[in-house]
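Source file: target-v3.cif (mmCIF, C-alpha atoms)
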data_upload
#
loop_
_atom_site.label_atom_id
_atom_site.label_comp_id
_atom_site.auth_asym_id
_atom_site.auth_seq_id
_atom_site.Cartn_x
_atom_site.Cartn_y
_atom_site.Cartn_z
CA MET A 69 10.75 1.99 30.90
CA LYS A 70 8.18 4.10 32.73
CA ASN A 71 4.85 4.61 30.99
CA GLU A 72 2.21 7.21 31.56
CA LEU A 73 -1.49 6.36 31.59
CA PRO A 74 -3.22 5.67 28.25
CA ILE A 75 -3.83 8.94 26.42
CA LEU A 76 -6.36 7.63 23.87
CA GLU A 77 -8.51 4.64 23.01
CA CYS A 78 -8.73 4.05 19.26
CA ILE A 79 -10.84 1.69 17.16
CA ASP A 80 -9.53 -0.43 14.30
CA HIS A 81 -11.75 1.08 11.60
CA THR A 82 -10.33 -1.06 8.78
CA VAL A 83 -10.71 -4.69 9.85
CA SER A 84 -11.67 -5.81 13.34
CA ARG A 85 -13.50 -2.90 15.05
CA GLU A 86 -11.48 -3.81 18.15
CA THR A 87 -10.38 -1.10 20.59
CA PHE A 88 -6.72 -0.43 21.43
CA LYS A 89 -5.08 1.97 23.86
CA LEU A 90 -2.19 4.31 23.12
CA ILE A 91 0.35 4.37 25.96
CA HIS A 92 2.88 7.19 26.19
CA GLU A 93 6.50 6.22 26.88
CA VAL A 94 8.09 9.13 28.69
CA GLU A 95 11.73 8.45 27.82
CA THR A 96 11.19 7.96 24.08
CA ASP A 97 8.16 10.26 23.68
CA MET A 98 6.60 7.40 21.70
CA LEU A 99 2.99 6.24 21.79
CA VAL A 100 2.68 2.46 21.95
CA THR A 101 -0.36 0.50 20.76
CA ASN A 102 -1.66 -1.72 23.55
CA PRO A 103 -2.30 -4.60 23.43
CA GLN A 104 -0.07 -5.45 20.50
CA PRO A 105 -1.12 -8.49 18.46
CA LYS A 106 1.23 -11.46 18.49
CA ILE A 107 3.47 -11.59 15.41
CA GLU A 108 1.67 -14.64 14.05
CA GLU A 109 -1.68 -12.82 14.39
CA LEU A 110 -0.65 -9.54 12.73
CA GLU A 111 -1.40 -10.67 9.18
CA LYS A 112 -5.14 -10.97 9.79
CA TYR A 113 -5.32 -7.22 10.52
CA TYR A 114 -4.14 -6.53 6.95
CA GLU A 115 -6.76 -8.76 5.33
CA SER A 116 -9.05 -6.09 3.95
CA ASN A 117 -9.82 -4.64 0.54
CA ASP A 118 -9.77 -1.26 2.28
CA TYR A 119 -6.03 -1.54 2.95
CA ILE A 120 -5.16 0.62 -0.01
CA SER A 121 -1.34 0.36 0.00
CA HIS A 122 -1.64 -3.33 -0.92
CA THR A 123 -3.83 -2.69 -3.99
CA ASP A 124 -4.05 -0.45 -7.05
CA SER A 125 -7.77 0.10 -6.50
CA ASP A 126 -9.38 3.31 -7.80
CA LYS A 127 -13.05 2.51 -7.12
CA THR A 128 -13.85 5.07 -4.41
CA LEU A 129 -13.05 8.75 -3.89
CA LEU A 130 -10.49 7.83 -1.24
CA ASP A 131 -8.92 5.29 -3.60
CA ARG A 132 -8.60 7.85 -6.40
CA VAL A 133 -7.16 10.48 -4.07
CA TYR A 134 -4.64 7.96 -2.78
CA GLN A 135 -3.56 6.79 -6.25
CA SER A 136 -3.19 10.37 -7.51
CA ALA A 137 -1.16 11.31 -4.44
CA LYS A 138 0.98 8.19 -4.89
CA LYS A 139 1.95 9.15 -8.45
CA TYR A 140 2.91 12.64 -7.30
CA THR A 141 4.88 11.47 -4.27
CA VAL A 142 6.81 8.87 -6.30
CA LYS A 143 8.12 11.71 -8.48
CA ARG A 144 9.03 13.70 -5.36
CA LYS A 145 10.83 10.70 -3.87
CA ILE A 146 12.93 10.23 -7.01
CA LYS A 147 13.79 13.92 -6.96
CA LEU A 148 14.86 13.61 -3.31
CA LEU A 149 17.10 10.62 -4.08
CA LYS A 150 18.79 12.50 -6.91
CA LYS A 151 19.62 15.34 -4.50
CA ILE A 152 21.11 12.88 -2.01
CA ILE A 153 23.23 10.92 -4.48
CA LYS A 154 24.17 13.96 -6.57
CA ASN A 155 26.07 12.65 -9.61
CA LYS A 156 26.47 9.06 -8.54
CA LYS A 157 25.11 6.85 -11.34
CA GLU A 158 25.48 3.34 -9.94
CA LEU A 159 23.09 3.14 -7.03
CA GLN A 160 21.92 0.24 -4.91
CA ILE A 161 18.50 0.83 -3.38
CA LEU A 162 16.54 -1.22 -0.88
CA ASP A 163 12.87 -0.30 -0.47
CA ILE A 164 11.23 -1.94 2.53
CA GLY A 165 7.46 -2.20 2.42
CA ALA A 166 7.51 -1.93 -1.36
CA GLY A 167 3.73 -2.25 -1.64
CA THR A 168 2.65 -2.61 -5.27
CA GLY A 169 6.09 -1.54 -6.53
CA ASP A 170 5.51 1.93 -8.02
CA PHE A 171 8.48 3.55 -6.27
CA LEU A 172 10.83 0.65 -7.05
CA ASN A 173 9.74 0.69 -10.69
CA ALA A 174 10.51 4.42 -10.90
CA CYS A 175 13.96 3.70 -9.42
CA LYS A 176 14.49 0.90 -11.94
CA ASN A 177 13.66 3.36 -14.74
CA GLU A 178 16.57 5.50 -13.50
CA ASN A 179 18.82 2.47 -14.14
CA TRP A 180 19.44 1.96 -10.42
CA LYS A 181 19.85 -1.50 -8.93
CA VAL A 182 16.69 -2.16 -6.93
CA VAL A 183 15.73 -4.62 -4.22
CA GLY A 184 12.42 -4.64 -2.39
CA VAL A 185 10.87 -6.25 0.66
CA GLU A 186 7.09 -6.75 0.78
CA PRO A 187 5.48 -9.23 3.20
CA ASN A 188 1.99 -9.05 1.67
CA LYS A 189 1.62 -11.67 -1.07
CA LYS A 190 -1.05 -9.80 -3.06
CA ALA A 191 1.00 -6.59 -3.16
CA ARG A 192 4.20 -8.51 -3.90
CA VAL A 193 2.64 -10.16 -6.97
CA LEU A 194 1.60 -6.74 -8.32
CA ALA A 195 5.08 -5.32 -7.65
CA LYS A 196 6.83 -8.20 -9.39
CA SER A 197 4.59 -7.74 -12.41
CA LYS A 198 5.48 -4.04 -12.69
CA LEU A 199 9.18 -4.78 -12.33
CA GLY A 200 9.10 -7.57 -14.90
CA ILE A 201 10.22 -10.20 -12.40
CA LEU A 202 9.46 -13.66 -13.78
CA LYS A 203 9.43 -17.02 -12.07
CA PRO A 204 12.95 -18.26 -11.20
CA ASN A 205 12.70 -21.21 -13.60
CA THR A 206 12.09 -18.91 -16.57
CA LEU A 207 14.80 -16.35 -15.94
CA THR A 208 18.50 -16.49 -15.15
CA TYR A 209 19.04 -13.93 -12.42
CA ASN A 210 22.14 -11.79 -12.09
CA ASP A 211 23.18 -9.11 -9.62
CA PHE A 212 21.42 -6.35 -11.58
CA ASP A 213 17.99 -7.95 -11.86
CA PRO A 214 15.35 -6.38 -9.62
CA LYS A 215 14.39 -8.58 -6.68
CA ILE A 216 11.55 -8.55 -4.16
CA TYR A 217 11.77 -10.60 -0.98
CA ASP A 218 9.13 -11.66 1.54
CA SER A 219 11.22 -10.58 4.53
CA LEU A 220 14.25 -8.49 5.45
CA ASN A 221 15.78 -11.70 6.82
CA ASP A 222 15.96 -13.09 3.27
CA ILE A 223 18.63 -10.55 2.31
CA GLU A 224 22.19 -11.75 2.76
CA THR A 225 23.87 -10.03 5.70
CA ASN A 226 26.94 -9.03 3.67
CA THR A 227 24.77 -7.08 1.18
CA LYS A 228 25.07 -3.29 1.46
CA PHE A 229 22.94 -0.50 0.03
CA ASP A 230 23.56 3.17 -0.77
CA ILE A 231 19.96 4.05 0.04
CA ILE A 232 17.44 2.23 2.24
CA THR A 233 13.90 3.57 2.22
CA LEU A 234 10.96 2.88 4.52
CA TRP A 235 7.94 4.89 3.37
CA HIS A 236 5.43 4.53 6.22
CA VAL A 237 6.81 1.17 7.31
CA LEU A 238 8.67 1.61 10.62
CA GLU A 239 5.40 2.00 12.51
CA HIS A 240 4.43 -1.55 11.44
CA VAL A 241 7.60 -3.32 12.65
CA PRO A 242 7.12 -5.56 15.74
CA ASP A 243 10.72 -5.80 17.07
CA LEU A 244 11.70 -2.17 16.64
CA GLU A 245 15.14 -2.14 18.27
CA ASN A 246 16.47 -5.23 16.48
CA TYR A 247 14.97 -4.05 13.19
CA ILE A 248 16.89 -0.78 13.40
CA LYS A 249 20.09 -2.78 14.01
CA LYS A 250 19.39 -4.78 10.84
CA LEU A 251 18.89 -1.58 8.85
CA GLN A 252 22.22 -0.22 10.06
CA ASN A 253 23.99 -3.46 9.10
CA LEU A 254 22.58 -3.26 5.56
CA LEU A 255 23.54 0.39 5.05
CA MET A 256 26.83 1.35 3.41
CA GLU A 257 29.20 3.36 5.59
CA HIS A 258 28.25 6.65 3.93
CA GLY A 259 24.78 5.55 2.88
CA THR A 260 21.48 7.20 3.74
CA LEU A 261 18.50 5.71 5.50
CA ILE A 262 15.21 7.41 4.61
CA ILE A 263 12.37 6.97 7.10
CA ALA A 264 8.88 8.43 6.54
CA VAL A 265 6.37 8.11 9.39
CA PRO A 266 3.23 9.85 10.68
CA ASN A 267 3.77 12.53 13.30
CA TYR A 268 1.31 12.37 16.20
CA LYS A 269 2.21 15.94 17.22
CA SER A 270 0.78 17.45 14.04
CA TYR A 271 -2.28 19.70 14.13
CA ASP A 272 -4.46 17.21 12.25
CA ALA A 273 -3.56 14.49 14.79
CA LYS A 274 -4.59 16.75 17.66
CA HIS A 275 -7.74 17.89 15.85
CA TYR A 276 -9.06 14.39 15.13
CA GLY A 277 -7.81 12.73 18.33
CA LYS A 278 -8.89 9.09 18.52
CA PHE A 279 -10.31 9.34 14.98
CA TRP A 280 -6.96 10.34 13.43
CA ALA A 281 -6.54 7.84 10.59
CA ALA A 282 -2.75 7.68 10.91
CA TYR A 283 -3.05 5.94 14.30
CA ASP A 284 -4.36 2.97 12.26
CA VAL A 285 -4.33 0.54 15.20
CA PRO A 286 -3.23 -2.20 15.52
CA ARG A 287 -1.30 -2.20 12.22
CA HIS A 288 0.62 0.82 13.52
CA LEU A 289 2.35 -0.54 16.60
CA TRP A 290 4.32 2.64 17.34
CA HIS A 291 3.56 6.34 16.93
CA PHE A 292 6.54 8.67 16.59
CA SER A 293 7.52 12.25 17.29
CA LYS A 294 10.74 13.93 16.16
CA LYS A 295 12.18 13.29 19.62
CA THR A 296 11.33 9.58 19.30
CA ILE A 297 13.16 9.11 16.00
CA THR A 298 16.23 10.96 17.25
CA TYR A 299 16.27 8.86 20.43
CA LEU A 300 15.82 5.48 18.72
CA PHE A 301 18.54 6.00 16.11
CA ASN A 302 21.01 7.70 18.46
CA LYS A 303 20.93 4.49 20.47
CA GLU A 304 22.32 2.70 17.41
CA ASN A 305 24.98 5.35 16.79
CA MET A 306 23.05 6.94 13.94
CA VAL A 307 22.06 10.56 13.49
CA VAL A 308 19.17 12.40 11.86
CA THR A 309 20.79 14.79 9.38
CA LYS A 310 17.64 16.35 7.93
CA THR A 311 13.86 16.38 8.45
CA LEU A 312 11.48 17.08 5.58
CA PRO A 313 7.66 17.44 5.40
CA MET A 314 5.21 15.24 3.51
CA LYS A 315 2.60 17.92 2.95
CA LEU A 316 0.11 15.86 0.96
CA ASP A 317 -0.38 13.43 3.85
CA SER A 318 -2.39 15.90 5.91
CA TYR A 319 -5.08 16.06 3.21
CA TYR A 320 -5.45 12.33 2.66
CA VAL A 321 -5.30 11.56 6.39
CA SER A 322 -7.89 14.25 7.11
CA LEU A 323 -10.19 12.83 4.42
CA LEU A 324 -10.00 9.38 6.01
CA SER A 325 -10.28 10.80 9.53
CA GLU A 326 -13.49 12.63 8.58
CA LYS A 327 -14.92 9.31 7.40
CA TYR A 328 -14.00 7.63 10.69
CA LYS A 329 -15.43 10.49 12.74
CA THR A 330 -18.64 11.28 10.86
CA GLY A 331 -19.23 8.37 8.49
CA LYS A 332 -18.68 10.68 5.49
CA SER A 333 -15.52 11.86 3.72
CA ASN A 334 -16.48 15.58 3.91
CA PRO A 335 -13.82 16.56 1.32
CA VAL A 336 -14.20 20.33 1.80
CA LYS A 337 -13.76 20.16 5.56
CA ALA A 338 -10.96 17.61 5.21
CA PHE A 339 -9.13 19.90 2.78
CA PHE A 340 -9.50 22.80 5.21
CA ILE A 341 -8.10 20.80 8.15
CA GLY A 342 -5.24 19.48 6.00
CA LEU A 343 -4.42 22.99 4.82
CA LEU A 344 -4.63 24.39 8.36
CA SER A 345 -2.30 21.63 9.58
CA ASN A 346 0.29 22.53 6.95
CA LEU A 347 -0.02 26.27 7.65
CA LYS A 348 0.48 25.74 11.38
CA ALA A 349 3.45 23.48 10.64
CA ILE A 350 5.27 26.32 8.88
CA ARG A 351 5.92 27.64 12.38
CA THR A 352 5.94 24.45 14.47
CA LYS A 353 7.55 22.11 11.85
CA GLU A 354 5.08 19.45 13.06
CA TYR A 355 3.72 18.24 9.72
CA SER A 356 1.27 15.33 9.48
CA SER A 357 4.07 13.07 8.25
CA LEU A 358 7.81 13.62 8.28
CA ILE A 359 10.73 12.25 6.28
CA TYR A 360 13.96 11.67 8.21
CA LEU A 361 17.35 11.38 6.50
CA ILE A 362 19.56 9.28 8.75
CA LYS A 363 23.25 8.39 8.53
CA ASN A 364 25.85 6.55 10.59
CA LYS A 365 27.70 8.81 13.03
#
As structure tokens, the full file:
Amino acid sequence: MKNELPILECIDHTVSRETFKLIHEVETDMLVTNPQPKIEELEKYYESNDYISHTDSDKTLLDRVYQSAKKYTVKRKIKLLKKIIKNKKELQILDIGAGTGDFLNACKNENWKVVGVEPNKKARVLAKSKLGILKPNTLTYNDFDPKIYDSLNDIETNTKFDIITLWHVLEHVPDLENYIKKLQNLLMEHGTLIIAVPNYKSYDAKHYGKFWAAYDVPRHLWHFSKKTITYLFNKENMVVTKTLPMKLDSYYVSLLSEKYKTGKSNPVKAFFIGLLSNLKAIRTKEYSSLIYLIKNK
């Protein structure tokens, strides 16, 4: 596949301080992090107390903003699922990249059958605690007990789900094409795949450039546009049925981007840039992050 020249050089602000290039793939309209760490080396780039999605920390301003936003977005996610399923009561949900389990726990409280995948051990322990998952030798499991696996490969291939969610996960997946095939195999015929990812064509991405926090190299291996998502899933005979904004993301990402750019959070300026990004997106539809509802053709 033909690539253009690198469009940006970004620093890993969270762990290594290493520099990575973003290469534009013309056919897919995707930006690709280069070089990409080997799979066995990826874990070390997540080994930081600053990687907030793997903790419930509320020590700093950024932590508190993130945790407050998380509580709000979990409620919004549940509301979205209820719209999708309408009056269906028995629901099987797979949440990939479950983090510390807040979304799965909210789904469990709706009496839905929940399964999660979370590779990070620290986050997985927190998630299991919230879901009341005990050690196997102290609990007899049945089909309706919540479960959290280390890997998508641990889920039996004949298992099917009504809803599969990936909230800011797809950008972390090394083998993108095969991963999408696995997702399709796990989805019920009329099920819905929900993908939320950053959008590098948003105003805040353009404003902050190489300092845009949602590039998050090298943990984010891929950087998507709406064209990219449509292309990737069309290849697997799947179709994007709806695209929705994640409006809060522009504020949090701007707050973090200000810190990367200036060394300070600059909350007033960050709020202004986040607001401006959302206002511009009313016309362009290029919000900081987008949710894609995807079904089989």
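Residue selection for this entry, given the PyMOL selection byres ((chain A and resi 219) around 12), comprises Asp163, Ile164, Gly165, Ala166, Val183, Gly184, Val185, Glu186, Pro187, Asn188, Lys189, Arg192, Lys215, Ile216, Tyr217, Asp218, Leu220, Asn221, Asp222, Ile223, Glu224, Val241, Tyr247 and Lys250 of chain A.
Distances from A:Lys353, A:Lys363, A:Lys138, A:Lys337 to A:Gln252 were compared using all atoms listed in the file, and the smallest one belongs to A:Lys363.
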| Which of these residues is nearest to A:Leu254, using only C-alpha atoms: A:Leu172, A:Leu238, A:Leu162, A:Met306? | A:Leu162
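Atom CA of A:Glu95 lies 22.1 Å from atom CA of A:Pro286.
Shortest separation to A:Phe340 among A:Tyr299, A:Tyr140, A:Trp280, A:Tyr271 occurs at residue A:Tyr271, atoms counted being all atoms listed in the file.
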| said: To one decimal place in Å, what is the distance between atom CA of A:Glu158 and atom CA of A:Lys198? | reply: 21.5 Å
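Comparing A:Leu199, A:Ala281, A:Leu194, A:Met98 by their smallest distance to A:Thr298, the closest is A:Met98 (using only C-alpha atoms).
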Report as an mmCIF file with C-alpha atoms, in the coordinates of the input the full result of the PyMOL selection byres ((chain A and resi 287) around 8) when it is applied to this structure.
data_model
loop_
_atom_site.group_PDB
_atom_site.id
_atom_site.type_symbol
_atom_site.label_atom_id
_atom_site.label_comp_id
_atom_site.auth_asym_id
_atom_site.auth_seq_id
_atom_site.Cartn_x
_atom_site.Cartn_y
_atom_site.Cartn_z
ATOM 1 C CA LEU A 110 -0.650 -9.540 12.730
ATOM 2 C CA TYR A 113 -5.320 -7.220 10.520
ATOM 3 C CA TYR A 114 -4.140 -6.530 6.950
ATOM 4 C CA GLU A 239 5.400 2.000 12.510
ATOM 5 C CA HIS A 240 4.430 -1.550 11.440
ATOM 6 C CA ASP A 284 -4.360 2.970 12.260
ATOM 7 C CA VAL A 285 -4.330 0.540 15.200
ATOM 8 C CA PRO A 286 -3.230 -2.200 15.520
ATOM 9 C CA HIS A 288 0.620 0.820 13.520
ATOM 10 C CA LEU A 289 2.350 -0.540 16.600
#
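The two atoms in question, atom CA of A:Ile248 and atom CA of A:Thr296, are spaced 13.2 Å apart.
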| request: Please evaluate the PyMOL selection byres ((chain A and resi 315) around 12) against the displayed coordinates and give the resulting residues as a ChimeraX atom specification. | output: /A:137,140-141,144,264,266-267,270,272,312-314,316-322,339,342-350,353-359
At a cut-off of 12 Å from (27.8, 4.4, 17.7) in the coordinates of the file, what residues are picked up using only C-alpha atoms, written as a PDB file with C-alpha atoms, in the coordinates of the input?
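Dumped to out_31.pdb:
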ATOM      1  CA  LYS A 249      20.090  -2.780  14.010  1.00  0.00           C
ATOM      2  CA  GLN A 252      22.220  -0.220  10.060  1.00  0.00           C
ATOM      3  CA  PHE A 301      18.540   6.000  16.110  1.00  0.00           C
ATOM      4  CA  ASN A 302      21.010   7.700  18.460  1.00  0.00           C
ATOM      5  CA  LYS A 303      20.930   4.490  20.470  1.00  0.00           C
ATOM      6  CA  GLU A 304      22.320   2.700  17.410  1.00  0.00           C
ATOM      7  CA  ASN A 305      24.980   5.350  16.790  1.00  0.00           C
ATOM      8  CA  MET A 306      23.050   6.940  13.940  1.00  0.00           C
ATOM      9  CA  VAL A 307      22.060  10.560  13.490  1.00  0.00           C
ATOM     10  CA  LYS A 363      23.250   8.390   8.530  1.00  0.00           C
ATOM     11  CA  ASN A 364      25.850   6.550  10.590  1.00  0.00           C
ATOM     12  CA  LYS A 365      27.700   8.810  13.030  1.00  0.00           C
TER      13      LYS A 365
END
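With distances restricted to only C-alpha atoms, A:Arg85 is the closest residue to A:Tyr328 from A:Thr260, A:Val100, A:Arg85, A:Lys150.
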Because some atoms of stretch 289-325 of chain A are absent here, can you restore N, CA and C atoms and send them as a tab-separated table (two decimals), in the coordinates of the input?
chain	number	residue	atom	x	y	z
A	289	LEU	N	2.01	-0.11	15.24
A	289	LEU	CA	2.35	-0.54	16.60
A	289	LEU	C	2.97	0.59	17.41
A	290	TRP	N	3.61	1.53	16.70
A	290	TRP	CA	4.32	2.64	17.34
A	290	TRP	C	3.90	3.94	16.67
A	291	HIS	N	3.96	5.03	17.44
A	291	HIS	CA	3.56	6.34	16.93
A	291	HIS	C	4.64	7.33	17.36
A	292	PHE	N	5.28	7.97	16.37
A	292	PHE	CA	6.54	8.67	16.59
A	292	PHE	C	6.38	10.20	16.61
A	293	SER	N	7.28	10.81	17.36
A	293	SER	CA	7.52	12.25	17.29
A	293	SER	C	8.96	12.43	16.80
A	294	LYS	N	9.35	13.68	16.57
A	294	LYS	CA	10.74	13.93	16.16
A	294	LYS	C	11.72	13.49	17.25
A	295	LYS	N	11.34	13.71	18.50
A	295	LYS	CA	12.18	13.29	19.62
A	295	LYS	C	12.35	11.77	19.61
A	296	THR	N	11.28	11.04	19.31
A	296	THR	CA	11.33	9.58	19.30
A	296	THR	C	12.35	9.08	18.29
A	297	ILE	N	12.26	9.58	17.05
A	297	ILE	CA	13.16	9.11	16.00
A	297	ILE	C	14.61	9.41	16.35
A	298	THR	N	14.87	10.60	16.84
A	298	THR	CA	16.23	10.96	17.25
A	298	THR	C	16.74	10.01	18.34
A	299	TYR	N	15.91	9.73	19.32
A	299	TYR	CA	16.27	8.86	20.43
A	299	TYR	C	16.58	7.44	19.94
A	300	LEU	N	15.68	6.87	19.15
A	300	LEU	CA	15.82	5.48	18.72
A	300	LEU	C	17.09	5.26	17.89
A	301	PHE	N	17.39	6.20	17.00
A	301	PHE	CA	18.54	6.00	16.11
A	301	PHE	C	19.85	6.43	16.76
A	302	ASN	N	19.81	7.37	17.69
A	302	ASN	CA	21.01	7.70	18.46
A	302	ASN	C	21.50	6.50	19.25
A	303	LYS	N	20.56	5.69	19.72
A	303	LYS	CA	20.93	4.49	20.47
A	303	LYS	C	21.77	3.54	19.63
A	304	GLU	N	21.57	3.58	18.33
A	304	GLU	CA	22.32	2.70	17.41
A	304	GLU	C	23.45	3.44	16.72
A	305	ASN	N	23.86	4.56	17.31
A	305	ASN	CA	24.98	5.35	16.79
A	305	ASN	C	24.69	5.90	15.39
A	306	MET	N	23.44	6.32	15.19
A	306	MET	CA	23.05	6.94	13.94
A	306	MET	C	22.45	8.31	14.25
A	307	VAL	N	22.48	9.19	13.25
A	307	VAL	CA	22.06	10.56	13.49
A	307	VAL	C	21.11	11.03	12.40
A	308	VAL	N	20.08	11.78	12.81
A	308	VAL	CA	19.17	12.40	11.86
A	308	VAL	C	19.85	13.65	11.30
A	309	THR	N	20.09	13.67	9.99
A	309	THR	CA	20.79	14.79	9.38
A	309	THR	C	19.83	15.84	8.81
A	310	LYS	N	18.61	15.41	8.50
A	310	LYS	CA	17.64	16.35	7.93
A	310	LYS	C	16.23	15.82	8.14
A	311	THR	N	15.28	16.73	8.33
A	311	THR	CA	13.86	16.38	8.45
A	311	THR	C	13.07	17.17	7.43
A	312	LEU	N	12.24	16.45	6.66
A	312	LEU	CA	11.48	17.08	5.58
A	312	LEU	C	9.98	16.78	5.75
A	313	PRO	N	9.11	17.67	5.27
A	313	PRO	CA	7.66	17.44	5.40
A	313	PRO	C	7.11	16.59	4.26
A	314	MET	N	6.02	15.87	4.55
A	314	MET	CA	5.21	15.24	3.51
A	314	MET	C	3.85	15.94	3.55
A	315	LYS	N	3.74	17.02	2.81
A	315	LYS	CA	2.60	17.92	2.95
A	315	LYS	C	1.29	17.34	2.45
A	316	LEU	N	1.34	16.45	1.48
A	316	LEU	CA	0.11	15.86	0.96
A	316	LEU	C	-0.59	14.97	1.98
A	317	ASP	N	0.19	14.39	2.90
A	317	ASP	CA	-0.38	13.43	3.85
A	317	ASP	C	-1.50	14.02	4.69
A	318	SER	N	-1.38	15.30	5.05
A	318	SER	CA	-2.39	15.90	5.91
A	318	SER	C	-3.77	15.91	5.25
A	319	TYR	N	-3.80	16.03	3.92
A	319	TYR	CA	-5.08	16.06	3.21
A	319	TYR	C	-5.71	14.67	3.13
A	320	TYR	N	-4.91	13.69	2.77
A	320	TYR	CA	-5.45	12.33	2.66
A	320	TYR	C	-5.85	11.81	4.04
A	321	VAL	N	-5.00	12.03	5.04
A	321	VAL	CA	-5.30	11.56	6.39
A	321	VAL	C	-6.54	12.25	6.94
A	322	SER	N	-6.70	13.53	6.65
A	322	SER	CA	-7.89	14.25	7.11
A	322	SER	C	-9.15	13.72	6.43
A	323	LEU	N	-9.05	13.39	5.15
A	323	LEU	CA	-10.19	12.83	4.42
A	323	LEU	C	-10.64	11.52	5.06
A	324	LEU	N	-9.68	10.67	5.39
A	324	LEU	CA	-10.00	9.38	6.01
A	324	LEU	C	-10.48	9.57	7.45
A	325	SER	N	-9.88	10.53	8.15
A	325	SER	CA	-10.28	10.80	9.53
A	325	SER	C	-11.71	11.31	9.61
